[in-house]
There are 2 protein chains.
Amino acid sequence: MATLKDVARESGLTVGTVSRVLNNRGYISEKTRQKVYRVMKELNYQPNEMARSLSTQRTNTIGVIVPHIVHPYFAKMIDSLEEAAYENEYKILLFSSKRKDYLEEKYIEMCWRNRVSGAILFSGLVHTEVFKRLDFPVITIERFIDEATAGIVCDNYQGGVLATEHLIERGCRHLLHIGGVNQMQMPGDKRKVAFEKVCREHGVNYLILEPDDEYYTEMDYYAIIRPVLEQHPEIDGVFASSDLIAAQVIQICREKGIRVPEQMKIVGFDDVNIASLTTPRITTIRQPVKEMAEAAVSALNRVLAGETVAKEMRFPVTLVRREST
Amino acid sequence: MATLKDVARESGLTVGTVSRVLNNRGYISEKTRQKVYRVMKELNYQPNEMARSLSTQRTNTIGVIVPHIVHPYFAKMIDSLEEAAYENEYKILLFSSKRKDYLEEKYIEMCWRNRVSGAILFSGLVHTEVFKRLDFPVITIERFIDEATAGIVCDNYQGGVLATEHLIERGCRHLLHIGGVNQMQMPGDKRKVAFEKVCREHGVNYLILEPDDEYYTEMDYYAIIRPVLEQHPEIDGVFASSDLIAAQVIQICREKGIRVPEQMKIVGFDDVNIASLTTPRITTIRQPVKEMAEAAVSALNRVLAGETVAKEMRFPVTLVRREST
C-alpha cells in the first residue's frame with residue numbers, strides 16, 4: 001500500500017507539503033494541490049486514520065452501548081445515531097449489553113481502551129462509580145446518571161398524560177398500564193406517574209402491571225399480560241409503555257375473542273415500525289427518536305469542542321392516532 | 001492517565017517486563033504477574049489499543065455495512081454479528097448505506113482508512129471493481145461478489161419450495177409471490193424460481209409481483225400490493241419474500257375484509273421478530289440468522305489466521321407454522 005513518502009516522491013514534493021495538502025493546513029497553490037490529489041489517486045494512497053488518531057488522540061468514533069439491537073425502539077435509535085454520526089464525521093462502534101451489567105461495564109472499558117471520542121448510553125445497570133473514571137464525554141438517552149455529561153429524554157410525563165386522556169376520551173373506564181423496565185429508577189417511570197394522576201382526576205378505575213426485568217430482556221410479555229386480562233375482564237383500555245408490548249396485547253385480545261378497538265382500546269409508546277405493522281395499527285405516543293439521536297451526537301461534538309451543553313434535554317412527544325383506539 | 005512507564009516504575013520492573021505480562025509473551029513468574037496486575041489496577045492503567053493496533057497493523061474491528069438498520073431482518077443480523085464478534089474478540093464498526101451506492105462505496109473506503117480486520121457486506125449496489133483494491137477480507141451475506149473472500153447464503157431455493165408446497169397443501173389454488181429486491185442479481189431471486197417451478201408442477205395458477213427498489217428502500221409495500229389483491233380477488237395464498245411484506249399483506253386483507261387464514265393464507269420469509277408480533281402470527285421460512293452471522297465472523301477469523309475457507313456457504317432453512325396459514 002502506498003505511503004505518504006511514495007506520494008511525495010512521485011509528485012516531486014516534500015512529505016511536509018503533501019501532509020499540508022492532506023490536512024488542509026497552510027497555503028498550498030491550487031496547482032500543487034491538484035498534483036498531490038492526482039498522484040494520491042494514481043498510487044491509490046489512503047491516509048491511515050489509525051496513525052493520525054494516535055497523534056491527535058481522537059478517533060472520531062462514538063461508542064454506542066444499547067441493551068438490545070432487535071428491539072424496534074433501539075433499532076430505530078441506532079439507525080438515527082448512525083445517520084447523525086455520519087453527518088458529523090463520526091463512526092459508530094456498536095455494543096449490545098443484553099441487559100447484563102458485567103457486559104456493559106466491559107464495553108465501557110473497551111470504549112476507553114479504544115480511545116473513543118465519546119459514548120452514548122441507554123438504560124443499563126452499571127454502577128455510577130464507573131463513570132467517574134472516564135476521560136471522554138458520556139451522553140445518556142432515557143437514563144439518569146449524575147456523572148454523565150448530558151442526558152436526553154423524551155417528555156415521558158406528558159406522554160403518560162396524552163395516552164391516558166385519549167383512552168378516557170374514547171370512553172374507557174377501566175384502564176390498565178403495563179410498565180417497561182422495572183427494578184430501576186428510569187425516566188420512563190414518569191409515564192406511570194402521569195397515568196395514575198390522570199386516572200384519579202377523572203375518577204377512572206385503574207390497574208398497574210410492572211413486569212419483572214426478565215420480560216424486558218426477553219421482549220416477551222405474553223405470560224404476564226394474559227392472566228391479568230383474564231382476571232380483570234372489566235378492563236377496556238390499555239396504555240402499554242412500548243409499541244412492542246401493545247402488539248402483544250393485540251395478540252392476546254384476538255386469542256380471547258376481544259375485539260380491538262371495539263371492546264378494548266390500546267395505546268402504545270415510541271412510534272417505531274411495529275406500531276404501523278400490526279393489525280390493527282397501534283395508536284401511540286411518538287418519541288422524536290431522530291431528533292433525540294441528533295441531539296446526542298451534537299452534544300458530544302460540542303463538548304469535544306470545549307462548549308458547554310445543557311445537562312438535561314427533554315423532547316416533546318405527540319399522540320399518533322391509529323386503528324387500535 | 002497512567003502509562004506503561006508509570007506501571008513499570010511503580011512495580012519496580014522494566015517496561016519490557018510489564019509489556020510481556022500485558023501481551024502474555026515469554027516466561028513471567030506468577031508473583032511478578034500478580035504484582036503488575038495489582039499496580040495496573042491501582043494506577044487504573046488501560047492499555048492503549050490504538051497504539052497497539054498501529055504496531056500490529058490489526059484493529060480487531062469488523063466493518064459491517066448494511067442497507068438498513070430498522071428492517072427487522074437486518075436488526076437481527078446486526079445483533080447476531082455483534083454477539084459473534086464479541087465472542088471472537090472483535091468490535092463492530094456499523095455503517096448503514098441506506099441503499100445508496102455512493103454511501104456504500106464511501107463506507108468501504110472508511111473501513112479501509114480505519115484498517116479494519118475485515119468487512120461484512122449485505123445486498124448493495126457497489127461495482128465490484130472496488131473490491132479488487134481492498135487489502136482485507138470481505139465476507140458477503142445474501143449477496144454475490146466474485147471478488148469477495150466468501151459468501152454466506154441461506155438455501156433460498158429450498159425456502160421457496162417449502163413455502164409454496166405448504167400453501168398448496170393448505171388448499172391454495174391461486175398463488176401470488178411478492179419479491180424483495182429487484183434490479184439486481186441476488187441469491188434471494190431463487191425463492192421466485194422455486195415458487196414458479198412448484199406452481200407449474202402442481203398445475204396451480206400463479207402471479208409474481210416484483211416491487212421496484214424504492215419499496216424495499218422505504219420498507220413500505222402497501223401501494224403496490226393493494227391494487228394487485230383488488231384486481232385478482234381469486235388469489236387465496238401469498239408467499240412474501242420477507243416477514244415485513246407478509247405483515248403488510250395481513251393489514252391489506254383486514255382492510256378489505258379478507259379473513260386470514262380462512263380466505264387467504266400467507267407465508268413470509270426470515271422468521272424475525274415481526275413474524276411473532278402480528279395478529280395473526282406469520283407462518284414463515286426460518287433463516288438461521290445466528291448461525292449465518294457466526295459463520296461470517298468465524299470465516300473472517302480463519303482467513304486472517306491464514307486458513308482457507310469455503311468460497312460459498314449455504315445454510316438450510318425450515319418452515320415455521322403459525323397462524324397465517
# chains A, B, ... in the order shown; residues from 1 in each chain; ligands from 1
call {"tool": "residues_around", "arguments": {"residues": "Ile266 (chain B)", "least_positions_apart": "2", "cutoff": "8 Å", "atoms": "only C-alpha atoms", "output": "list in words"}}
result
Leu167, Gly237, Val238, Phe239, Ala240, Ala246, Val249, Ile250, Val260, Pro261, Met264, Gly268, Ile282, Thr283, Ser324 and Thr325 of chain B
call {"tool": "interface_residues", "arguments": {"of": "chain A", "to": "chain B", "cutoff": "6 Å", "atoms": "only C-alpha atoms", "output": "NGL selection string"}}
result
:A and (48-50 or 69-70 or 75-76 or 79 or 92-94 or 113-114 or 247 or 251 or 277-279)
call {"tool": "write_last_selection", "arguments": {"atoms": "C-alpha atoms", "output": "PDB file, in the first residue's frame"}}
result
ATOM      1  CA  ASN A  48      -4.058   5.881   7.703  1.00  0.00           C
ATOM      2  CA  GLU A  49      -6.658   7.209  10.107  1.00  0.00           C
ATOM      3  CA  MET A  50      -5.367   4.980  12.841  1.00  0.00           C
ATOM      4  CA  ILE A  69     -30.477  -4.326  18.993  1.00  0.00           C
ATOM      5  CA  VAL A  70     -33.511  -6.291  17.782  1.00  0.00           C
ATOM      6  CA  ALA A  75     -33.069  -0.481  16.077  1.00  0.00           C
ATOM      7  CA  LYS A  76     -34.574   2.899  15.195  1.00  0.00           C
ATOM      8  CA  ASP A  79     -30.271   3.879  12.789  1.00  0.00           C
ATOM      9  CA  ILE A  92     -20.193   4.152  15.406  1.00  0.00           C
ATOM     10  CA  LEU A  93     -18.684   1.330  17.458  1.00  0.00           C
ATOM     11  CA  LEU A  94     -21.754  -0.681  18.416  1.00  0.00           C
ATOM     12  CA  ARG A 113      -9.182   1.297  25.594  1.00  0.00           C
ATOM     13  CA  ASN A 114     -10.096   2.193  22.044  1.00  0.00           C
ATOM     14  CA  ALA A 247     -48.547  -5.558  19.749  1.00  0.00           C
ATOM     15  CA  GLN A 251     -52.467 -10.786  20.017  1.00  0.00           C
ATOM     16  CA  LEU A 277     -47.125  -3.155  11.005  1.00  0.00           C
ATOM     17  CA  THR A 278     -49.711  -4.704  13.332  1.00  0.00           C
ATOM     18  CA  THR A 279     -53.366  -5.347  12.538  1.00  0.00           C
TER      19      THR A 279
END
call {"tool": "select_by_dssp", "arguments": {"residues": "region 162-210 of chain B", "states": "helix (DSSP H, G or I)", "output": "mmCIF file with N, CA and C atoms, in the first residue's frame"}}
result
data_model
loop_
_atom_site.group_PDB
_atom_site.id
_atom_site.type_symbol
_atom_site.label_atom_id
_atom_site.label_comp_id
_atom_site.auth_asym_id
_atom_site.auth_seq_id
_atom_site.Cartn_x
_atom_site.Cartn_y
_atom_site.Cartn_z
ATOM 1 N N LEU B 162 -40.416 -24.992 0.086
ATOM 2 C CA LEU B 162 -41.161 -25.251 1.330
ATOM 3 C C LEU B 162 -42.388 -24.351 1.446
ATOM 4 N N ALA B 163 -42.208 -23.070 1.153
ATOM 5 C CA ALA B 163 -43.309 -22.101 1.284
ATOM 6 C C ALA B 163 -44.426 -22.429 0.301
ATOM 7 N N THR B 164 -44.054 -22.685 -0.950
ATOM 8 C CA THR B 164 -45.063 -22.892 -1.987
ATOM 9 C C THR B 164 -45.797 -24.214 -1.780
ATOM 10 N N GLU B 165 -45.049 -25.261 -1.468
ATOM 11 C CA GLU B 165 -45.690 -26.558 -1.217
ATOM 12 C C GLU B 165 -46.640 -26.475 -0.024
ATOM 13 N N HIS B 166 -46.245 -25.743 1.001
ATOM 14 C CA HIS B 166 -47.094 -25.597 2.184
ATOM 15 C C HIS B 166 -48.419 -24.910 1.823
ATOM 16 N N LEU B 167 -48.357 -23.852 1.026
ATOM 17 C CA LEU B 167 -49.580 -23.146 0.621
ATOM 18 C C LEU B 167 -50.498 -24.069 -0.182
ATOM 19 N N ILE B 168 -49.902 -24.866 -1.063
ATOM 20 C CA ILE B 168 -50.703 -25.773 -1.901
ATOM 21 C C ILE B 168 -51.323 -26.875 -1.039
ATOM 22 N N GLU B 169 -50.534 -27.401 -0.112
ATOM 23 C CA GLU B 169 -51.063 -28.410 0.822
ATOM 24 C C GLU B 169 -52.234 -27.876 1.639
ATOM 25 N N ASP B 189 -33.273 -14.268 -5.297
ATOM 26 C CA ASP B 189 -34.086 -14.492 -6.505
ATOM 27 C C ASP B 189 -34.507 -15.950 -6.647
ATOM 28 N N LYS B 190 -33.735 -16.832 -6.056
ATOM 29 C CA LYS B 190 -34.049 -18.260 -6.194
ATOM 30 C C LYS B 190 -35.356 -18.640 -5.509
ATOM 31 N N ARG B 191 -35.815 -17.793 -4.590
ATOM 32 C CA ARG B 191 -37.117 -18.056 -3.960
ATOM 33 C C ARG B 191 -38.205 -18.039 -5.036
ATOM 34 N N LYS B 192 -38.089 -17.074 -5.934
ATOM 35 C CA LYS B 192 -39.051 -16.929 -7.016
ATOM 36 C C LYS B 192 -38.961 -18.100 -7.993
ATOM 37 N N VAL B 193 -37.745 -18.495 -8.334
ATOM 38 C CA VAL B 193 -37.536 -19.611 -9.258
ATOM 39 C C VAL B 193 -38.214 -20.874 -8.720
ATOM 40 N N ALA B 194 -38.003 -21.125 -7.417
ATOM 41 C CA ALA B 194 -38.607 -22.309 -6.798
ATOM 42 C C ALA B 194 -40.128 -22.187 -6.788
ATOM 43 N N PHE B 195 -40.626 -21.004 -6.490
ATOM 44 C CA PHE B 195 -42.080 -20.761 -6.455
ATOM 45 C C PHE B 195 -42.711 -21.132 -7.802
ATOM 46 N N GLU B 196 -42.125 -20.614 -8.871
ATOM 47 C CA GLU B 196 -42.656 -20.877 -10.217
ATOM 48 C C GLU B 196 -42.651 -22.369 -10.524
ATOM 49 N N LYS B 197 -41.543 -23.009 -10.218
ATOM 50 C CA LYS B 197 -41.392 -24.419 -10.544
ATOM 51 C C LYS B 197 -42.442 -25.268 -9.821
ATOM 52 N N VAL B 198 -42.600 -25.023 -8.506
ATOM 53 C CA VAL B 198 -43.559 -25.801 -7.719
ATOM 54 C C VAL B 198 -44.986 -25.540 -8.210
ATOM 55 N N CYS B 199 -45.314 -24.278 -8.512
ATOM 56 C CA CYS B 199 -46.663 -23.957 -9.015
ATOM 57 C C CYS B 199 -46.940 -24.725 -10.308
ATOM 58 N N ARG B 200 -45.970 -24.722 -11.213
ATOM 59 C CA ARG B 200 -46.142 -25.420 -12.502
ATOM 60 C C ARG B 200 -46.326 -26.911 -12.286
ATOM 61 N N GLU B 201 -45.478 -27.471 -11.444
ATOM 62 C CA GLU B 201 -45.560 -28.916 -11.190
ATOM 63 C C GLU B 201 -46.922 -29.327 -10.651
#
call {"tool": "atom_distance", "arguments": {"atom1": "CA of Ile139 (chain A)", "atom2": "CA of Val317 (chain A)"}}
result
20.3 Å
call {"tool": "residues_around", "arguments": {"residues": "Thr17 (chain A)", "least_positions_apart": "3", "cutoff": "9 Å", "atoms": "only C-alpha atoms", "output": "ChimeraX atom specification"}}
result
/A:8,13-14,20-22,28,32
call {"tool": "residues_around", "arguments": {"residues": "Met292 (chain A)", "least_positions_apart": "6", "cutoff": "9 Å", "atoms": "only C-alpha atoms", "output": "list of chain:residue names"}}
result
A:Met77, A:Ser80, A:Leu81, A:Ile141, A:Ile152, A:Val153, A:Cys154, A:Met313, A:Arg314, A:Phe315
call {"tool": "closest_residue", "arguments": {"among": "B:Val36, B:Ile120, B:Val228, B:Ala275", "to": "Glu210 (chain B)", "atoms": "only C-alpha atoms"}}
result
B:Val228
call {"tool": "residues_around", "arguments": {"residues": "Glu42 (chain A)", "least_positions_apart": "5", "cutoff": "12 Å", "atoms": "only C-alpha atoms", "output": "list in words"}}
result
Met1, Ala2, Asp6, Val7, Glu10, Ser11, Lys35, Val36 and Tyr37 of chain A
call {"tool": "write_last_selection", "arguments": {"atoms": "N, CA and C atoms", "output": "short mmCIF file (atom, residue, chain, number, x, y, z; two decimals), in the first residue's frame"}}
result
data_model
loop_
_atom_site.label_atom_id
_atom_site.label_comp_id
_atom_site.auth_asym_id
_atom_site.auth_seq_id
_atom_site.Cartn_x
_atom_site.Cartn_y
_atom_site.Cartn_z
N MET A 1 0.85 -1.19 0.00
CA MET A 1 0.00 0.00 0.00
C MET A 1 0.88 1.25 0.00
N ALA A 2 0.53 2.24 -0.81
CA ALA A 2 1.34 3.45 -0.94
C ALA A 2 1.38 4.24 0.36
N ASP A 6 5.77 7.78 -0.63
CA ASP A 6 5.62 7.43 -2.04
C ASP A 6 4.95 8.57 -2.80
N VAL A 7 3.91 9.13 -2.17
CA VAL A 7 3.18 10.23 -2.82
C VAL A 7 4.11 11.42 -3.01
N GLU A 10 6.75 10.65 -5.78
CA GLU A 10 6.12 10.59 -7.10
C GLU A 10 5.71 11.98 -7.60
N SER A 11 5.34 12.86 -6.64
CA SER A 11 4.89 14.18 -7.08
C SER A 11 6.01 15.21 -7.02
N LYS A 35 -1.95 18.37 -8.13
CA LYS A 35 -0.92 17.37 -8.43
C LYS A 35 -0.91 16.28 -7.36
N VAL A 36 -0.97 16.71 -6.09
CA VAL A 36 -0.95 15.75 -4.98
C VAL A 36 -2.16 14.81 -5.08
N TYR A 37 -3.32 15.41 -5.33
CA TYR A 37 -4.53 14.59 -5.44
C TYR A 37 -4.39 13.57 -6.57
#
call {"tool": "select_by_dssp", "arguments": {"residues": "region 36-285 of chain B", "states": "strand (DSSP E)", "output": "ChimeraX atom specification"}}
result
/B:61-66,91-96,118-121,138-141,150-154,174-178,205-209,237-240,265-270,283-285
